[in-house]
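Enquirer: Contents of structure-v5.csv (CSV, C-alpha atoms) are below:
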chain,number,residue,atom,x,y,z
W,1,MET,CA,28.7,96.5,125.3
W,2,ILE,CA,25.3,94.9,125.4
W,3,SER,CA,26.8,91.4,125.0
W,4,ILE,CA,29.2,92.1,127.9
W,5,LEU,CA,26.2,93.1,130.1
W,6,GLN,CA,24.3,90.0,129.0
W,7,ALA,CA,27.2,87.8,129.8
W,8,MET,CA,27.5,89.3,133.3
W,9,THR,CA,23.9,88.7,134.0
W,10,ALA,CA,23.7,85.3,132.5
W,11,ASN,CA,23.7,83.4,135.7
W,12,ASN,CA,21.4,85.8,137.5
W,13,THR,CA,18.1,85.0,135.9
W,14,ASP,CA,16.1,84.6,139.1
W,15,ASN,CA,16.0,88.4,139.2
W,16,LEU,CA,12.9,89.6,137.3
W,17,MET,CA,14.5,92.9,136.5
W,18,ILE,CA,17.4,91.2,134.8
W,19,ARG,CA,15.3,88.7,133.0
W,20,ASP,CA,13.2,91.5,131.5
W,21,GLY,CA,16.4,93.5,130.8
W,22,LYS,CA,14.9,96.4,132.8
W,23,ILE,CA,17.8,96.5,135.2
W,24,TYR,CA,19.9,98.2,132.5
W,25,LEU,CA,17.5,101.1,132.5
W,26,VAL,CA,17.9,101.5,136.3
W,27,MET,CA,21.6,101.2,136.0
W,28,THR,CA,21.8,103.8,133.2
W,29,ILE,CA,19.6,106.3,135.1
W,30,VAL,CA,21.6,106.0,138.3
W,31,SER,CA,24.8,106.4,136.3
W,32,ILE,CA,23.5,109.5,134.6
W,33,ILE,CA,22.5,111.0,138.0
W,34,LEU,CA,25.8,110.1,139.5
W,35,THR,CA,27.8,111.7,136.6
W,36,GLY,CA,25.7,114.8,136.8
W,37,LEU,CA,26.4,115.2,140.5
W,38,PHE,CA,30.1,114.7,140.0
W,39,ILE,CA,30.1,117.3,137.2
W,40,TYR,CA,28.5,119.7,139.6
W,41,VAL,CA,30.9,119.0,142.4
W,42,ALA,CA,33.9,119.3,140.0
W,43,SER,CA,32.6,122.7,138.7
W,44,ILE,CA,32.4,124.0,142.3
W,45,ASP,CA,36.0,122.7,142.8
W,46,LYS,CA,37.1,124.6,139.7
W,47,LYS,CA,35.4,127.7,140.9
W,48,ILE,CA,37.1,127.8,144.3
W,49,SER,CA,40.4,127.0,142.6
W,50,GLN,CA,39.9,130.1,140.4
W,51,LEU,CA,39.0,132.2,143.4
W,52,GLU,CA,42.1,131.0,145.3
W,53,ARG,CA,44.3,131.8,142.4
W,54,GLY,CA,43.0,135.4,142.4
W,55,GLU,CA,41.3,135.2,139.0
W,56,LYS,CA,38.3,137.4,138.6
W,57,ASP,CA,35.1,135.5,137.8
P,1,MET,CA,46.6,117.3,148.6
P,2,LEU,CA,43.4,119.2,148.8
P,3,LYS,CA,43.7,120.2,145.2
P,4,ALA,CA,45.0,117.0,143.8
P,5,LYS,CA,42.8,115.3,141.1
P,6,TRP,CA,43.7,111.7,141.3
P,7,TRP,CA,41.7,110.7,144.3
P,8,LYS,CA,38.7,112.6,143.0
P,9,VAL,CA,38.8,110.8,139.7
P,10,LEU,CA,39.2,107.5,141.7
P,11,SER,CA,36.1,108.3,143.7
P,12,PHE,CA,34.1,108.8,140.5
P,13,VAL,CA,35.4,105.6,138.9
P,14,LEU,CA,34.7,103.5,142.0
P,15,LEU,CA,31.2,105.0,142.4
P,16,LEU,CA,30.4,104.5,138.7
P,17,TYR,CA,31.5,100.9,139.1
P,18,THR,CA,29.3,100.5,142.2
P,19,CYS,CA,26.3,102.0,140.6
P,20,THR,CA,26.5,99.8,137.5
P,21,TYR,CA,27.9,96.5,138.6
P,22,GLY,CA,26.1,96.8,141.9
P,23,PHE,CA,22.8,96.3,140.1
P,24,ILE,CA,24.1,93.3,138.1
P,25,VAL,CA,26.3,91.3,140.5
P,26,LYS,CA,24.7,88.1,141.7
P,27,VAL,CA,23.3,88.4,145.2
P,28,PRO,CA,22.4,85.5,147.4
P,29,LYS,CA,18.8,84.5,147.9
P,30,LEU,CA,18.2,85.4,151.5
P,31,ASP,CA,14.6,85.6,152.6
P,32,ASP,CA,11.7,86.1,150.3
P,33,ARG,CA,11.2,89.7,151.4
P,34,MET,CA,14.8,90.8,151.1
P,35,ARG,CA,15.5,89.4,147.6
P,36,GLU,CA,17.4,92.0,145.5
P,37,SER,CA,17.1,94.8,148.1
P,38,ILE,CA,20.2,93.4,149.8
P,39,ARG,CA,21.9,95.6,147.1
P,40,ASN,CA,21.2,98.4,149.5
P,41,MET,CA,24.4,97.2,151.2
P,42,PHE,CA,26.3,99.1,148.5
P,43,PHE,CA,24.6,102.4,149.4
P,44,HIS,CA,23.2,102.4,153.0
P,45,VAL,CA,26.1,100.8,154.8
P,46,PRO,CA,28.9,102.9,153.1
P,47,MET,CA,27.1,106.0,154.3
P,48,TRP,CA,27.8,104.9,157.9
P,49,PHE,CA,31.4,103.8,157.1
P,50,GLY,CA,31.9,107.2,155.5
P,51,MET,CA,30.4,109.0,158.5
P,52,MET,CA,32.7,107.1,160.9
P,53,ILE,CA,35.8,108.0,158.9
P,54,LEU,CA,34.8,111.6,158.4
P,55,PHE,CA,34.0,112.0,162.1
P,56,PHE,CA,37.3,110.4,163.0
P,57,VAL,CA,39.2,112.9,160.8
P,58,SER,CA,37.2,115.7,162.4
P,59,LEU,CA,38.3,114.3,165.8
P,60,VAL,CA,42.0,114.3,164.8
P,61,TYR,CA,41.7,118.0,163.7
P,62,ALA,CA,39.9,118.9,166.9
P,63,ILE,CA,42.7,117.4,169.0
P,64,LYS,CA,45.2,119.2,166.7
P,65,TYR,CA,43.5,122.5,167.4
P,66,LEU,CA,43.6,122.0,171.2
P,67,ARG,CA,47.3,121.3,170.9
P,68,THR,CA,48.2,124.2,168.6
P,69,ALA,CA,45.4,126.8,168.7
P,70,ASN,CA,45.7,127.1,165.0
P,71,PRO,CA,42.3,128.2,163.6
P,72,VAL,CA,42.9,126.3,160.4
P,73,HIS,CA,42.5,123.1,162.3
P,74,ASP,CA,39.2,124.3,163.7
P,75,VAL,CA,38.0,124.9,160.1
P,76,TYR,CA,39.0,121.4,159.1
P,77,SER,CA,37.4,119.9,162.1
P,78,SER,CA,34.0,121.5,161.7
P,79,SER,CA,33.9,120.9,158.0
P,80,TYR,CA,34.5,117.2,158.3
P,81,ALA,CA,32.0,117.1,161.1
P,82,SER,CA,29.3,118.7,158.9
P,83,ILE,CA,29.8,116.4,156.0
P,84,GLY,CA,30.0,113.4,158.4
P,85,LEU,CA,26.6,114.6,159.7
P,86,LEU,CA,25.3,114.7,156.1
P,87,PHE,CA,26.4,111.1,155.5
P,88,GLY,CA,24.8,110.0,158.8
P,89,THR,CA,21.6,111.7,158.0
P,90,LEU,CA,21.5,110.1,154.5
P,91,GLY,CA,22.3,106.8,156.2
P,92,ILE,CA,19.4,107.1,158.6
P,93,ILE,CA,16.9,108.2,155.9
P,94,THR,CA,18.0,105.4,153.6
P,95,GLY,CA,17.8,103.0,156.5
P,96,ALA,CA,14.2,104.1,157.3
P,97,PHE,CA,13.2,103.5,153.7
P,98,TRP,CA,14.8,100.1,153.7
P,99,ALA,CA,13.2,99.3,157.1
P,100,ASN,CA,9.8,100.2,155.7
P,101,TYR,CA,10.0,97.4,153.2
P,102,GLN,CA,12.0,94.8,155.2
P,103,TRP,CA,10.7,95.3,158.8
P,104,GLY,CA,7.2,96.8,158.2
P,105,SER,CA,7.6,100.4,159.3
P,106,PRO,CA,10.3,103.1,158.8
P,107,TRP,CA,11.0,103.2,162.6
P,108,VAL,CA,10.7,100.1,164.5
P,109,GLY,CA,12.6,101.1,167.7
P,110,ASP,CA,15.4,98.9,166.7
P,111,PRO,CA,18.4,99.6,169.1
P,112,LYS,CA,20.7,100.5,166.3
P,113,GLN,CA,18.1,102.9,164.8
P,114,ASN,CA,17.7,104.6,168.2
P,115,GLY,CA,21.4,104.6,168.8
P,116,ALA,CA,22.0,106.2,165.4
P,117,ALA,CA,19.4,108.9,166.1
P,118,ILE,CA,21.0,109.7,169.4
P,119,ALA,CA,24.5,109.8,167.9
P,120,LEU,CA,23.4,112.2,165.2
P,121,LEU,CA,21.6,114.4,167.7
P,122,ILE,CA,24.8,114.6,169.7
P,123,TYR,CA,26.6,115.9,166.6
P,124,PHE,CA,23.8,118.3,165.8
P,125,ALA,CA,24.4,119.7,169.3
P,126,TYR,CA,28.0,120.3,168.3
P,127,PHE,CA,26.8,122.8,165.7
P,128,VAL,CA,24.3,124.3,168.1
P,129,LEU,CA,27.2,124.9,170.4
P,130,ARG,CA,29.3,126.5,167.7
P,131,GLY,CA,26.4,128.7,166.6
P,132,SER,CA,26.0,130.0,170.2
P,133,LEU,CA,29.5,131.2,170.6
P,134,LEU,CA,30.6,134.5,169.0
P,135,ASP,CA,34.2,134.6,169.9
P,136,MET,CA,36.2,132.7,167.4
P,137,GLU,CA,38.8,131.3,169.8
P,138,LYS,CA,36.3,130.3,172.4
P,139,ARG,CA,34.1,128.7,169.8
P,140,ALA,CA,37.0,126.7,168.4
P,141,ARG,CA,38.2,125.5,171.8
P,142,LEU,CA,34.8,124.5,173.3
P,143,SER,CA,33.6,122.8,170.2
P,144,ALA,CA,36.9,120.9,169.9
P,145,VAL,CA,36.4,119.5,173.4
P,146,TYR,CA,32.8,118.6,172.6
P,147,ASN,CA,33.9,117.0,169.4
P,148,ILE,CA,36.0,114.5,171.4
P,149,PHE,CA,33.1,113.6,173.6
P,150,SER,CA,30.7,113.3,170.6
P,151,PHE,CA,33.1,110.9,168.8
P,152,PHE,CA,33.5,108.6,171.7
P,153,MET,CA,29.7,108.6,172.2
P,154,LEU,CA,29.5,106.9,168.7
P,155,PHE,CA,30.8,103.7,170.3
P,156,PRO,CA,28.2,103.0,172.9
P,157,THR,CA,25.3,104.2,170.7
P,158,LEU,CA,26.2,102.5,167.4
P,159,TRP,CA,28.5,99.6,168.2
P,160,ILE,CA,28.2,98.4,171.8
P,161,LEU,CA,24.5,98.7,172.9
P,162,PRO,CA,23.0,97.4,169.7
P,163,ARG,CA,25.2,94.3,170.1
P,164,LEU,CA,24.0,93.7,173.7
P,165,THR,CA,20.3,93.4,173.0
P,166,GLU,CA,18.1,91.7,170.4
P,167,SER,CA,18.3,93.7,167.2
P,168,LEU,CA,16.9,93.5,163.7
P,169,HIS,CA,20.2,94.8,162.4
P,170,PRO,CA,22.9,92.1,161.9
P,171,GLY,CA,25.0,91.7,165.0
P,172,GLY,CA,22.4,91.9,167.7
P,173,GLN,CA,22.1,89.5,170.6
P,174,GLY,CA,21.4,86.0,169.3
P,175,SER,CA,22.4,86.7,165.7
P,176,GLU,CA,25.6,86.3,163.8
P,177,GLY,CA,28.1,88.8,162.5
P,178,ASN,CA,29.2,92.2,163.5
P,179,PRO,CA,27.0,95.3,163.4
P,180,GLY,CA,28.3,96.3,160.0
P,181,ILE,CA,28.1,93.2,157.9
P,182,ASN,CA,26.6,89.8,158.6
P,183,GLY,CA,28.9,87.2,157.2
P,184,LYS,CA,26.0,85.2,155.8
P,185,ASP,CA,24.4,88.1,154.0
P,186,MET,CA,27.5,89.1,152.0
P,187,THR,CA,29.0,86.7,149.5
P,188,MET,CA,32.4,87.0,147.9
P,189,ASP,CA,30.8,88.4,144.8
P,190,MET,CA,29.1,91.2,146.8
P,191,ARG,CA,32.3,92.0,148.5
P,192,THR,CA,33.9,92.9,145.1
P,193,VAL,CA,31.4,95.8,145.0
P,194,PHE,CA,31.1,96.6,148.7
P,195,TYR,CA,34.7,97.5,149.4
P,196,PRO,CA,35.1,99.7,146.4
P,197,ALA,CA,31.8,101.3,147.3
P,198,VAL,CA,32.9,102.2,150.8
P,199,ILE,CA,36.1,103.7,149.4
P,200,GLY,CA,34.3,105.6,146.7
P,201,TRP,CA,31.6,107.1,148.9
P,202,THR,CA,34.2,108.0,151.6
P,203,LEU,CA,36.4,109.7,149.0
P,204,LEU,CA,33.4,111.7,147.8
P,205,GLY,CA,32.7,112.8,151.4
P,206,VAL,CA,36.3,113.8,151.7
P,207,TRP,CA,36.1,115.8,148.5
P,208,ILE,CA,33.0,117.7,149.6
P,209,SER,CA,34.6,118.4,152.9
P,210,THR,CA,37.8,119.8,151.3
P,211,ILE,CA,35.7,122.1,149.2
P,212,HIS,CA,33.9,123.3,152.3
P,213,ILE,CA,37.3,123.8,154.0
P,214,ARG,CA,38.7,125.8,151.0
P,215,VAL,CA,35.7,128.1,150.9
P,216,GLN,CA,35.9,128.7,154.6
P,217,LEU,CA,39.6,129.4,154.5
P,218,PHE,CA,39.2,131.7,151.5
P,219,LYS,CA,36.5,133.7,153.3
P,220,LEU,CA,38.6,134.0,156.5
P,221,LYS,CA,41.7,135.1,154.5
P,222,LYS,CA,39.6,137.7,152.7
P,223,GLU,CA,38.3,139.1,156.0
P,224,GLU,CA,42.0,139.1,157.1
P,225,LEU,CA,41.1,137.0,160.0
P,226,LEU,CA,43.8,134.5,159.1
Once more with this new file: its structure as structure tokens, please.

Expert:
Amino acid sequence: MISILQAMTANNTDNLMIRDGKIYLVMTIVSIILTGLFIYVASIDKKISQLERGEKD
Amino acid sequence: MLKAKWWKVLSFVLLLYTCTYGFIVKVPKLDDRMRESIRNMFFHVPMWFGMMILFFVSLVYAIKYLRTANPVHDVYSSSYASIGLLFGTLGIITGAFWANYQWGSPWVGDPKQNGAAIALLIYFAYFVLRGSLLDMEKRARLSAVYNIFSFFMLFPTLWILPRLTESLHPGGQGSEGNPGINGKDMTMDMRTVFYPAVIGWTLLGVWISTIHIRVQLFKLKKEELL
């Protein structure tokens, strides 16, 4: 996983964040936030599906 | 279609890809101030693309309502308009943040910034209009007509006037490219993230709109108004 990321950023060393390896932190944080938001939207979707089907919640 | 899962999963996959590879993909060295912040192209610009698409769908349903007087179409139209407005607002806020770094201040009176503010105000007025009418049928009919006007106002405010004068956005008088993307600013590499990003963000907007619609329809059914 890490070697794949390093290979992808190999020709991008004029970016300070990539040289320091700090960009992976930004990337991970944004991905966590995105995933969290999607889980939230999916849970609302599930709730409305349950209500539409007439299940009591 | 509203309840199908595949396009929702696709949205997540595309956005996860955007939010990861978007930070790693090689970007061209533009000017010294821009540097890596051109990556905003994967976030700020798709907000506007998403808004245009959502407003267009809202328009289609507004016209459908006027032709059939089916209140379901009015629910679709207003829901897509509200999420379109959300995307537009996010676009203008992210644009102001970006402008602060790139152009010196969050609001520089750039023709496109002003045009975008006007376009959004016109759509906010759509909701003011809806709020002021109590009769369901009148509300649906009047707001559908106003929706058509609002959509066509997007073109002079966002696409035509900013091209005719000098603008800091790409596409202004004397600069290259179209108002969305400057050909020089986006390399082939960036396009591999940009197009999936547009699709991903738009699909997310559609997903949120459909949830809005389903909640409204459920409420109307419960009150036996449908």

Enquirer: Residues around (41.7, 132.7, 149.9), cut-off 7 Å, counting all atoms listed in the file - what are they as a ChimeraX atom specification?

Expert: /W:52 /P:217-219,221-222

Enquirer: Would you mind exporting the chosen residues as a CSV table (one decimal), keeping the file's coordinate frame, restricted to C-alpha atoms?

Expert:
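Contents of the output file result-v3.csv:
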chain,number,residue,atom,x,y,z
W,52,GLU,CA,42.1,131.0,145.3
P,217,LEU,CA,39.6,129.4,154.5
P,218,PHE,CA,39.2,131.7,151.5
P,219,LYS,CA,36.5,133.7,153.3
P,221,LYS,CA,41.7,135.1,154.5
P,222,LYS,CA,39.6,137.7,152.7

Enquirer: Can you tell me, as a PDB file with C-alpha atoms, in the frame of the given file, what residues are no more than 7 Å from Leu15 of chain P when counting only C-alpha atoms, ignoring any on the same chain fewer than 6 positions away?

Expert:
ATOM      1  CA  ALA P 197      31.800 101.300 147.300  1.00  0.00           C
ATOM      2  CA  GLY P 200      34.300 105.600 146.700  1.00  0.00           C
ATOM      3  CA  TRP P 201      31.600 107.100 148.900  1.00  0.00           C
TER       4      TRP P 201
END

Enquirer: Show me, as a ChimeraX atom specification, the residues of chain P whose atoms get within 7 Å of chain W, using only C-alpha atoms for the distance check.

Expert: /P:16,19-20,23-24,26,211,215,218

Enquirer: One decimal, in Å: what's the spacing between atom CA of Ser78 of chain P and atom CA of Phe56 of chain P?

Expert: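 A separation of 11.7 Å between them.
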
Enquirer: Pick the closest to Asn114 of chain P from P:Leu134, P:Leu85, P:Ala96, P:Ala144: which is it, counting all atoms listed in the file?

Expert: P:Ala96

Enquirer: Considering all atoms listed in the file, can you say which of P:Gly115, P:Leu90, P:Thr187, P:Ser150 comes closest to Phe43 of chain P?

Expert: P:Leu90

Enquirer: In Å, rounded to a single decimal, give me how far atom CA of Ser58 of chain P is from atom CA of Tyr80 of chain P.

Expert: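 A separation of 5.1 Å between them.
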
Enquirer: Between atom CA of Phe97 of chain P and atom CA of Asp31 of chain P, what is the spacing in Å?

Expert: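 Distance reported for this atom pair: 18.0 Å.
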
Enquirer: What's the 6 Å shell around Arg163 of chain P, counting all atoms listed in the file, without same-chain residues fewer than 4 positions away, as a PyMOL selection string?

Expert: chain P and resi 171-173

Enquirer: So which one's closest to Phe152 of chain P, P:Met186, P:Ala99, P:Leu59, P:Leu164? Using only C-alpha atoms, please.

Expert: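 Using only C-alpha atoms, Phe152 of chain P sits closest to P:Leu59.
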
Enquirer: Write out as a VMD selection string the residues lying within 12 Å of Glu137 of chain P, counting only C-alpha atoms and excluding same-chain residues fewer than 4 positions away.

Expert: chain P and resid 65 to 66 68 to 75 130 133 141 to 144 225

Enquirer: Please tell me which residues are no farther than 12 Å from (8.1, 89.0, 152.9) in the file, counting all atoms listed in the file, and write them as number ranges by chain.

Expert: P: 30-35, 37, 100-104

Enquirer: Can you work out which one of P:Met52, P:Met47, P:Ile63, P:Leu168 has the shortest atom-to-atom distance to Ile93 of chain P, counting all atoms listed in the file?

Expert: P:Met47

Enquirer: Might you pull out every residue within 10 Å of Val45 of chain P, with all atoms listed in the file counted and same-chain residues fewer than 4 positions away left off, and present them as JSON, numbers by chain?

Expert: {"P": [40, 41, 49, 50, 51, 91, 92, 94, 95, 180, 181, 194, 197, 198]}

Enquirer: Have a look at P:Ser82, P:Ser11, P:Gln113, P:Ser77 and name the one nearest to His169 of chain P; count only C-alpha atoms.

Expert: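 Once distances to His169 of chain P are computed over only C-alpha atoms, the minimum belongs to P:Gln113.
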
Enquirer: Select, from P:Leu161, P:Ala81, P:Leu14, P:Leu220, the residue with the minimum atom-to-atom distance to Tyr126 of chain P, counting all atoms listed in the file.

Expert: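 Looking at the shortest contact to Tyr126 of chain P, the residue is P:Ala81.
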